[in-house]
$ cat structure.txt   # compact mmCIF, C-alpha atoms
# COMPACT_ATOMS: atom_id res chain seq x y z
CA MET A 277 131.68 -26.79 96.72
CA LEU A 278 134.84 -28.84 96.43
CA VAL A 279 138.01 -26.80 95.87
CA PHE A 280 140.34 -29.30 94.29
CA ARG A 281 144.02 -29.84 95.03
CA ASP A 282 146.42 -32.53 93.84
CA GLU A 283 146.60 -34.29 97.18
CA PHE A 284 142.83 -34.84 97.20
CA SER A 285 142.63 -36.54 93.81
CA ARG A 286 143.26 -40.06 95.02
CA SER A 287 141.00 -39.71 98.05
CA LEU A 288 138.23 -38.31 95.85
CA VAL A 289 138.27 -41.30 93.51
CA ARG A 290 138.69 -43.68 96.45
CA GLU A 291 135.58 -42.22 98.11
CA LEU A 292 133.57 -42.57 94.92
CA ARG A 293 134.68 -46.17 94.44
CA ALA A 294 133.61 -46.92 97.99
CA THR A 295 130.19 -45.43 97.26
CA TYR A 296 129.88 -47.42 94.05
CA ALA A 297 130.88 -50.62 95.85
CA THR A 298 127.84 -50.31 98.12
CA GLY A 299 125.64 -50.90 95.07
CA LYS A 300 123.20 -48.11 95.86
CA THR A 301 123.70 -46.33 92.52
CA LYS A 302 122.46 -49.41 90.68
CA SER A 303 118.95 -49.18 92.10
CA PHE A 304 116.07 -47.65 90.18
CA GLU A 305 115.16 -45.53 93.20
CA TRP A 306 118.59 -43.89 93.43
CA ARG A 307 118.86 -43.22 89.71
CA SER A 308 115.39 -41.70 89.48
CA SER A 309 115.95 -39.57 92.60
CA GLN A 310 119.12 -38.06 91.13
CA LEU A 311 117.49 -37.39 87.78
CA LYS A 312 114.64 -35.65 89.59
CA ALA A 313 117.23 -33.61 91.50
CA ILE A 314 118.59 -32.33 88.17
CA GLN A 315 115.04 -31.49 87.11
CA LYS A 316 114.67 -29.52 90.33
CA ILE A 317 117.88 -27.61 89.59
CA VAL A 318 116.51 -26.69 86.17
CA SER A 319 113.02 -25.72 87.34
CA LEU A 320 113.94 -23.82 90.50
CA HIS A 321 117.09 -22.07 89.31
CA SER A 322 116.52 -21.33 85.64
CA GLN A 323 116.98 -17.58 86.12
CA GLU A 324 120.31 -18.09 87.88
CA ILE A 325 121.39 -20.33 85.02
CA VAL A 326 120.40 -17.67 82.48
CA GLU A 327 122.34 -15.02 84.41
CA ALA A 328 125.45 -17.22 84.62
CA LEU A 329 125.32 -17.85 80.86
CA ARG A 330 124.93 -14.14 80.24
CA SER A 331 127.89 -13.38 82.52
CA ASP A 332 130.19 -15.93 80.88
CA LEU A 333 129.11 -15.79 77.24
CA GLN A 334 126.74 -12.85 76.82
CA LYS A 335 124.20 -15.47 75.79
CA PRO A 336 120.64 -14.10 75.32
CA GLU A 337 117.92 -15.52 77.55
CA PHE A 338 116.00 -17.09 74.67
CA GLU A 339 119.09 -18.95 73.46
CA ALA A 340 119.98 -20.03 77.00
CA VAL A 341 116.52 -21.47 77.57
CA ILE A 342 116.16 -23.21 74.20
CA HIS A 343 119.70 -24.52 73.66
CA GLU A 344 120.71 -25.38 77.21
CA ILE A 345 118.05 -25.34 79.92
CA SER A 346 115.26 -26.98 77.88
CA ALA A 347 117.70 -29.52 76.43
CA VAL A 348 118.81 -30.70 79.88
CA SER A 349 115.19 -30.85 81.04
CA ALA A 350 114.27 -32.95 77.99
CA SER A 351 117.15 -35.35 78.67
CA CYS A 352 115.93 -35.85 82.25
CA LYS A 353 112.35 -36.47 81.12
CA LEU A 354 113.49 -39.03 78.54
CA ALA A 355 115.75 -40.82 81.04
CA LEU A 356 112.98 -41.02 83.64
CA LYS A 357 110.52 -42.28 81.05
CA GLU A 358 112.83 -44.97 79.68
CA LEU A 359 114.74 -45.90 82.84
CA HIS A 360 112.84 -49.10 83.60
CA ARG A 361 113.29 -50.31 80.02
CA TRP A 362 116.99 -49.39 79.94
CA MET A 363 117.62 -51.32 83.17
CA LYS A 364 115.63 -54.41 82.17
CA PRO A 365 117.71 -57.46 81.12
CA GLN A 366 117.14 -58.48 77.50
CA LYS A 367 116.65 -62.12 76.59
CA VAL A 368 118.79 -63.36 73.71
CA LYS A 369 118.71 -66.55 71.71
CA THR A 370 121.14 -69.35 72.42
CA SER A 371 122.63 -71.86 70.02
CA LEU A 372 121.53 -75.47 69.71
CA ILE A 373 124.76 -76.55 71.35
CA SER A 374 123.86 -74.79 74.60
CA LEU A 375 120.28 -76.07 74.89
CA PRO A 376 118.37 -76.09 77.24
CA SER A 377 120.18 -73.03 78.61
CA SER A 378 118.93 -69.45 78.44
CA ALA A 379 120.83 -66.16 78.14
CA LYS A 380 120.29 -62.50 78.94
CA ILE A 381 122.10 -59.23 78.31
CA VAL A 382 122.20 -57.46 81.66
CA PRO A 383 122.99 -53.70 81.55
CA GLU A 384 125.73 -52.80 84.03
CA PRO A 385 127.29 -49.40 84.93
CA PHE A 386 130.92 -48.65 84.08
CA GLY A 387 131.59 -47.48 87.66
CA VAL A 388 133.44 -44.21 88.26
CA VAL A 389 132.92 -41.68 85.46
CA LEU A 390 134.68 -38.36 84.83
CA VAL A 391 132.90 -35.64 82.82
CA ILE A 392 134.96 -32.67 81.61
CA SER A 393 132.74 -29.99 80.14
CA ALA A 394 133.30 -27.32 77.48
CA TRP A 395 132.78 -23.57 77.63
CA LYS A 396 130.54 -23.06 74.57
CA PHE A 397 127.47 -24.69 76.12
CA PRO A 398 128.62 -24.90 79.73
CA PHE A 399 125.29 -25.92 81.27
CA LEU A 400 124.17 -28.40 78.63
CA LEU A 401 127.57 -30.05 78.15
CA SER A 402 128.00 -30.36 81.90
CA LEU A 403 124.70 -31.87 82.99
CA ASP A 404 123.59 -33.71 79.86
CA PRO A 405 126.38 -36.34 80.12
CA VAL A 406 125.78 -36.48 83.88
CA VAL A 407 122.16 -37.41 83.15
CA GLY A 408 123.34 -40.34 81.03
CA ALA A 409 125.97 -41.44 83.54
CA ILE A 410 123.49 -41.40 86.43
CA ALA A 411 120.77 -43.14 84.42
CA ALA A 412 123.30 -45.92 83.80
CA GLY A 413 124.03 -46.22 87.54
CA ASN A 414 127.49 -44.66 87.72
CA VAL A 415 129.11 -42.35 90.25
CA VAL A 416 130.32 -39.12 88.64
CA VAL A 417 132.88 -36.36 88.91
CA LEU A 418 131.97 -33.26 86.89
CA LYS A 419 134.74 -30.84 85.93
CA PRO A 420 133.12 -27.66 84.49
CA SER A 421 135.09 -25.47 82.11
CA GLU A 422 137.27 -22.86 83.79
CA SER A 423 136.48 -20.60 80.82
CA SER A 424 132.91 -20.28 82.12
CA PRO A 425 133.60 -19.33 85.76
CA ALA A 426 130.10 -18.14 86.66
CA MET A 427 128.55 -21.38 85.45
CA SER A 428 131.26 -23.45 87.11
CA LEU A 429 130.55 -21.79 90.45
CA LEU A 430 126.78 -22.17 90.03
CA LEU A 431 127.03 -25.86 89.12
CA ALA A 432 129.22 -26.54 92.13
CA LYS A 433 126.65 -24.87 94.38
CA LEU A 434 123.53 -26.47 92.91
CA VAL A 435 124.89 -29.99 92.45
CA GLY A 436 126.20 -29.91 96.00
CA LYS A 437 122.82 -28.76 97.30
CA TYR A 438 120.46 -31.07 95.42
CA MET A 439 122.37 -34.23 94.51
CA ASP A 440 123.90 -37.11 96.44
CA GLY A 441 127.27 -35.74 97.52
CA SER A 442 128.71 -39.21 98.11
CA ALA A 443 128.19 -40.17 94.47
CA VAL A 444 128.14 -36.96 92.40
CA LYS A 445 130.85 -34.35 92.86
CA VAL A 446 131.90 -31.15 91.12
CA VAL A 447 135.57 -30.21 90.84
CA GLU A 448 136.38 -26.61 89.92
CA GLY A 449 139.73 -25.50 88.54
CA ALA A 450 141.84 -25.25 85.42
CA VAL A 451 144.78 -27.13 83.85
CA ALA A 452 146.36 -28.29 87.12
CA GLU A 453 143.12 -29.76 88.41
CA THR A 454 142.29 -31.43 85.10
CA THR A 455 145.78 -32.91 84.91
CA ALA A 456 145.47 -34.27 88.46
CA LEU A 457 142.12 -35.84 87.58
CA LEU A 458 143.51 -37.48 84.45
CA GLU A 459 146.24 -39.13 86.49
CA GLN A 460 143.61 -41.17 88.34
CA LYS A 461 142.00 -44.43 87.34
CA TRP A 462 138.58 -43.94 85.73
CA ASP A 463 136.17 -46.49 84.30
CA LYS A 464 134.89 -44.06 81.66
CA ILE A 465 135.76 -40.49 80.80
CA LEU A 466 133.78 -38.00 78.73
CA ARG A 467 135.37 -34.87 77.28
CA TRP A 468 133.74 -32.28 75.07
CA GLN A 469 135.89 -30.46 72.52
CA GLY A 470 139.58 -29.72 72.28
CA GLY A 471 142.36 -29.48 69.74
CA ALA A 472 144.81 -32.05 68.43
CA TYR A 473 147.29 -31.47 71.27
CA ARG A 474 144.63 -32.12 73.91
CA ALA A 475 143.51 -35.20 72.02
CA LYS A 476 147.08 -36.50 72.11
CA CYS A 477 147.28 -35.90 75.87
CA TRP A 478 143.98 -37.63 76.39
CA GLY A 479 145.03 -40.58 74.28
CA GLU A 480 148.19 -40.96 76.34
CA ALA A 481 146.23 -40.71 79.59
CA SER A 482 143.70 -43.28 78.35
CA TYR A 483 146.48 -45.71 77.43
CA THR A 484 148.50 -45.17 80.61
CA ASN A 485 145.58 -45.50 83.02
CA ASP A 486 143.62 -48.04 80.96
CA PHE A 487 140.22 -46.31 80.87
CA GLY A 488 137.67 -45.89 78.11
CA ALA A 489 137.50 -42.33 76.78
CA TRP A 490 135.11 -40.37 74.62
CA TRP A 491 135.72 -36.88 73.39
CA GLU A 492 134.88 -34.45 70.64
CA ILE A 493 137.54 -32.54 68.72
CA SER A 494 136.37 -29.35 67.09
CA SER A 495 138.05 -27.21 64.46
CA GLY A 496 136.17 -24.19 65.78
CA SER A 497 132.87 -24.57 63.96
CA ARG A 498 129.98 -26.90 64.64
CA LYS A 499 130.46 -28.50 61.21
CA GLY A 500 134.09 -29.38 61.78
CA THR A 501 133.80 -32.03 64.47
CA LEU A 502 135.36 -35.45 64.78
CA ILE A 503 134.17 -38.07 67.26
CA ILE A 504 136.87 -40.34 68.63
CA LEU A 505 136.36 -43.41 70.78
CA VAL A 506 139.17 -45.01 72.75
CA PHE A 507 138.72 -48.29 74.60
$ encode --input "structure.txt" --output "structure tokens"
Amino acid sequence: MLVFRDEFSRSLVRELRATYATGKTKSFEWRSSQLKAIQKIVSLHSQEIVEALRSDLQKPEFEAVIHEISAVSASCKLALKELHRWMKPQKVKTSLISLPSSAKIVPEPFGVVLVISAWKFPFLLSLDPVVGAIAAGNVVVLKPSESSPAMSLLLAKLVGKYMDGSAVKVVEGAVAETTALLEQKWDKILRWQGGAYRAKCWGEASYTNDFGAWWEISSGSRKGTLIILVF
């Protein structure tokens, strides 16, 4: 488990950039091994996950399994099934002017990705975006919600145990830790839910540090959501 403090923020990102620079996260073998590690977390520790969700949210076991555990498992299975296809360069047509040249679209990772989770579905909204980030070949920092402390602690323990600690890290904490993270340079940042004030702060951080950001703003109900993209 990584207990985060302001003075470690720069060194954390620096370490992840060094890992990314080695190129190991771009390989099929590394991506598939990390996705399988998430599958192992789900299969071997499902009861602990259920208990953490019950402790934080009083969530019934059936709902925990269907809405969170099974959903993460399904994301891993899909990513493993489609990984070769997602990584494969796609040939595209060229114009007559450029003949006899050829062209391809080559999928490339963003680099260093920050995931900040939400408390309503603390397991799903933590690991589901991590699945996508890893499948794309990125290194990742996961910041679980401080409003779900049992799940935050469990994720820190399990991710640290099963996943590549040089490329995937969990940072626990609250406002101070999140603020310190946002002050760093990220290549992509994913945030689930928040009000207008948080959206304003995120927009300012995205502009100041020049990173792409994705987040969901919710009015409090599942129907009242707005997806915002900042690049």
$ atom_distance --input "structure.txt" --atom1 "atom CA of Val341 of chain A" --atom2 "atom CA of Trp395 of chain A"
16.4 Å
$ closest_residue --input "structure.txt" --among "A:Ser402, A:Ser322, A:Ser421, A:Ser442" --to "Phe338 of chain A" --atoms "all atoms listed in the file"
A:Ser322
$ atom_distance --input "structure.txt" --atom1 "atom CA of Pro383 of chain A" --atom2 "atom CA of Lys353 of chain A"
20.3 Å
$ atom_distance --input "structure.txt" --atom1 "atom CA of Val318 of chain A" --atom2 "atom CA of Ser423 of chain A"
21.6 Å
$ closest_residue --input "structure.txt" --among "A:Leu457, A:Leu359, A:Val435, A:Val446" --to "His321 of chain A" --atoms "only C-alpha atoms"
A:Val435
$ residues_around --input "structure.txt" --residues "segment 355-357 of chain A" --least-positions-apart "4" --cutoff "9 Å" --atoms "only C-alpha atoms" --output "list in words"
Arg307, Ser308, Leu311, Lys312, Ala350, Ser351, Arg361, Trp362, Val407, Gly408 and Ala411 of chain A
$ closest_residue --input "structure.txt" --among "A:Val389, A:Ala328, A:Leu401, A:Ile317" --to "Met427 of chain A" --atoms "all atoms listed in the file"
A:Ala328
$ residues_around --input "structure.txt" --residues "segment 288-292 of chain A" --least-positions-apart "3" --cutoff "12 Å" --atoms "all atoms listed in the file" --output "ChimeraX atom specification"
/A:278-285,295-301,387-390,414-417,440-447,456-463
$ residues_around --input "structure.txt" --residues "segment 368-370 of chain A" --least-positions-apart "4" --cutoff "8 Å" --atoms "only C-alpha atoms" --output "number ranges by chain"
A: 374-375, 377-381
$ write_last_selection --input "structure.txt" --atoms "C-alpha atoms" --output "tab-separated table (two decimals), keeping the file's coordinate frame"
chain	number	residue	atom	x	y	z
A	374	SER	CA	123.86	-74.79	74.60
A	375	LEU	CA	120.28	-76.07	74.89
A	377	SER	CA	120.18	-73.03	78.61
A	378	SER	CA	118.93	-69.45	78.44
A	379	ALA	CA	120.83	-66.16	78.14
A	380	LYS	CA	120.29	-62.50	78.94
A	381	ILE	CA	122.10	-59.23	78.31
$ residues_around --input "structure.txt" --residues "Met439 of chain A" --least-positions-apart "6" --cutoff "8 Å" --atoms "only C-alpha atoms" --output "compact mmCIF listing (two decimals) with C-alpha atoms, in the coordinates of the input"
# COMPACT_ATOMS: atom_id res chain seq x y z
CA GLN A 310 119.12 -38.06 91.13
CA ALA A 313 117.23 -33.61 91.50
CA ILE A 314 118.59 -32.33 88.17
$ closest_residue --input "structure.txt" --among "A:Lys364, A:Arg330, A:Arg293, A:Lys396" --to "Glu384 of chain A" --atoms "all atoms listed in the file"
A:Lys364
$ residues_around --input "structure.txt" --residues "Phe399 of chain A" --least-positions-apart "6" --cutoff "12 Å" --atoms "all atoms listed in the file" --output "PyMOL selection string"
chain A and resi 314+317-318+322+324-330+332-333+335+340-349+392-393+405-406+418-421+424-432+434-435
$ write_last_selection --input "structure.txt" --atoms "C-alpha atoms" --output "short mmCIF file (atom, residue, chain, number, x, y, z; two decimals), in the coordinates of the input"
data_model
loop_
_atom_site.label_atom_id
_atom_site.label_comp_id
_atom_site.auth_asym_id
_atom_site.auth_seq_id
_atom_site.Cartn_x
_atom_site.Cartn_y
_atom_site.Cartn_z
CA ILE A 314 118.59 -32.33 88.17
CA ILE A 317 117.88 -27.61 89.59
CA VAL A 318 116.51 -26.69 86.17
CA SER A 322 116.52 -21.33 85.64
CA GLU A 324 120.31 -18.09 87.88
CA ILE A 325 121.39 -20.33 85.02
CA VAL A 326 120.40 -17.67 82.48
CA GLU A 327 122.34 -15.02 84.41
CA ALA A 328 125.45 -17.22 84.62
CA LEU A 329 125.32 -17.85 80.86
CA ARG A 330 124.93 -14.14 80.24
CA ASP A 332 130.19 -15.93 80.88
CA LEU A 333 129.11 -15.79 77.24
CA LYS A 335 124.20 -15.47 75.79
CA ALA A 340 119.98 -20.03 77.00
CA VAL A 341 116.52 -21.47 77.57
CA ILE A 342 116.16 -23.21 74.20
CA HIS A 343 119.70 -24.52 73.66
CA GLU A 344 120.71 -25.38 77.21
CA ILE A 345 118.05 -25.34 79.92
CA SER A 346 115.26 -26.98 77.88
CA ALA A 347 117.70 -29.52 76.43
CA VAL A 348 118.81 -30.70 79.88
CA SER A 349 115.19 -30.85 81.04
CA ILE A 392 134.96 -32.67 81.61
CA SER A 393 132.74 -29.99 80.14
CA PRO A 405 126.38 -36.34 80.12
CA VAL A 406 125.78 -36.48 83.88
CA LEU A 418 131.97 -33.26 86.89
CA LYS A 419 134.74 -30.84 85.93
CA PRO A 420 133.12 -27.66 84.49
CA SER A 421 135.09 -25.47 82.11
CA SER A 424 132.91 -20.28 82.12
CA PRO A 425 133.60 -19.33 85.76
CA ALA A 426 130.10 -18.14 86.66
CA MET A 427 128.55 -21.38 85.45
CA SER A 428 131.26 -23.45 87.11
CA LEU A 429 130.55 -21.79 90.45
CA LEU A 430 126.78 -22.17 90.03
CA LEU A 431 127.03 -25.86 89.12
CA ALA A 432 129.22 -26.54 92.13
CA LEU A 434 123.53 -26.47 92.91
CA VAL A 435 124.89 -29.99 92.45
#
$ closest_residue --input "structure.txt" --among "A:Phe386, A:Arg286, A:Val451, A:Glu422" --to "Lys464 of chain A" --atoms "only C-alpha atoms"
A:Phe386
$ axis_aligned_box --input "structure.txt" --around "segment 448-458 of chain A" --padding-each-side "5 Å" --output "AutoDock Vina command-line options"
--center_x 141.4 --center_y -31.4 --center_z 86.9 --size_x 20.0 --size_y 22.2 --size_z 16.1
$ decode --input "structure.txt" --residues "segment 444-455 of chain A" --atoms "all heavy atoms" --output "compact mmCIF listing (two decimals), in the first residue's frame"
# COMPACT_ATOMS: atom_id res chain seq x y z
N VAL A 444 1.53 0.00 -12.08
CA VAL A 444 0.17 0.21 -11.60
C VAL A 444 0.24 0.48 -10.10
O VAL A 444 0.70 -0.38 -9.34
CB VAL A 444 -0.74 -1.00 -11.87
CG1 VAL A 444 -2.17 -0.71 -11.44
CG2 VAL A 444 -0.69 -1.40 -13.34
N LYS A 445 -0.22 1.65 -9.69
CA LYS A 445 -0.12 2.03 -8.28
C LYS A 445 -1.47 2.53 -7.78
O LYS A 445 -2.25 3.11 -8.54
CB LYS A 445 0.94 3.12 -8.10
CG LYS A 445 2.35 2.65 -8.44
CD LYS A 445 3.37 3.73 -8.15
CE LYS A 445 4.78 3.27 -8.51
NZ LYS A 445 5.25 2.19 -7.61
N VAL A 446 -1.71 2.33 -6.49
CA VAL A 446 -2.90 2.83 -5.83
C VAL A 446 -2.49 3.88 -4.82
O VAL A 446 -1.58 3.66 -4.02
CB VAL A 446 -3.68 1.70 -5.13
CG1 VAL A 446 -4.88 2.27 -4.35
CG2 VAL A 446 -4.16 0.67 -6.14
N VAL A 447 -3.16 5.03 -4.87
CA VAL A 447 -2.91 6.12 -3.92
C VAL A 447 -4.17 6.32 -3.09
O VAL A 447 -5.23 6.63 -3.64
CB VAL A 447 -2.55 7.43 -4.65
CG1 VAL A 447 -2.52 8.59 -3.67
CG2 VAL A 447 -1.21 7.29 -5.35
N GLU A 448 -4.07 6.13 -1.78
CA GLU A 448 -5.20 6.37 -0.89
C GLU A 448 -5.13 7.79 -0.35
O GLU A 448 -4.05 8.39 -0.26
CB GLU A 448 -5.20 5.38 0.26
CG GLU A 448 -5.43 3.94 -0.16
CD GLU A 448 -5.67 3.06 1.04
OE1 GLU A 448 -6.83 3.03 1.51
OE2 GLU A 448 -4.71 2.44 1.52
N GLY A 449 -6.28 8.32 0.04
CA GLY A 449 -6.30 9.65 0.63
C GLY A 449 -7.58 10.39 0.28
O GLY A 449 -8.53 9.81 -0.25
N ALA A 450 -7.58 11.69 0.56
CA ALA A 450 -8.77 12.50 0.35
C ALA A 450 -8.43 13.73 -0.50
O ALA A 450 -7.72 13.61 -1.51
CB ALA A 450 -9.37 12.91 1.70
N VAL A 451 -8.91 14.91 -0.09
CA VAL A 451 -8.77 16.11 -0.91
C VAL A 451 -7.30 16.49 -1.11
O VAL A 451 -6.88 16.83 -2.23
CB VAL A 451 -9.54 17.28 -0.27
CG1 VAL A 451 -9.30 18.57 -1.06
CG2 VAL A 451 -11.04 16.96 -0.22
N ALA A 452 -6.51 16.43 -0.06
CA ALA A 452 -5.10 16.85 -0.17
C ALA A 452 -4.34 15.98 -1.16
O ALA A 452 -3.56 16.49 -1.97
CB ALA A 452 -4.44 16.79 1.21
N GLU A 453 -4.59 14.67 -1.10
CA GLU A 453 -3.89 13.76 -2.00
C GLU A 453 -4.36 13.95 -3.44
O GLU A 453 -3.54 13.94 -4.37
CB GLU A 453 -4.12 12.32 -1.55
CG GLU A 453 -3.39 11.93 -0.29
CD GLU A 453 -4.01 12.50 0.97
OE1 GLU A 453 -5.19 12.95 0.92
OE2 GLU A 453 -3.34 12.51 2.02
N THR A 454 -5.67 14.13 -3.63
CA THR A 454 -6.18 14.36 -4.97
C THR A 454 -5.64 15.65 -5.55
O THR A 454 -5.26 15.72 -6.73
CB THR A 454 -7.73 14.41 -4.95
OG1 THR A 454 -8.23 13.19 -4.39
CG2 THR A 454 -8.28 14.57 -6.36
N THR A 455 -5.59 16.69 -4.74
CA THR A 455 -5.06 17.98 -5.19
C THR A 455 -3.60 17.84 -5.60
O THR A 455 -3.18 18.38 -6.64
CB THR A 455 -5.19 19.03 -4.08
OG1 THR A 455 -6.56 19.16 -3.72
CG2 THR A 455 -4.66 20.38 -4.54
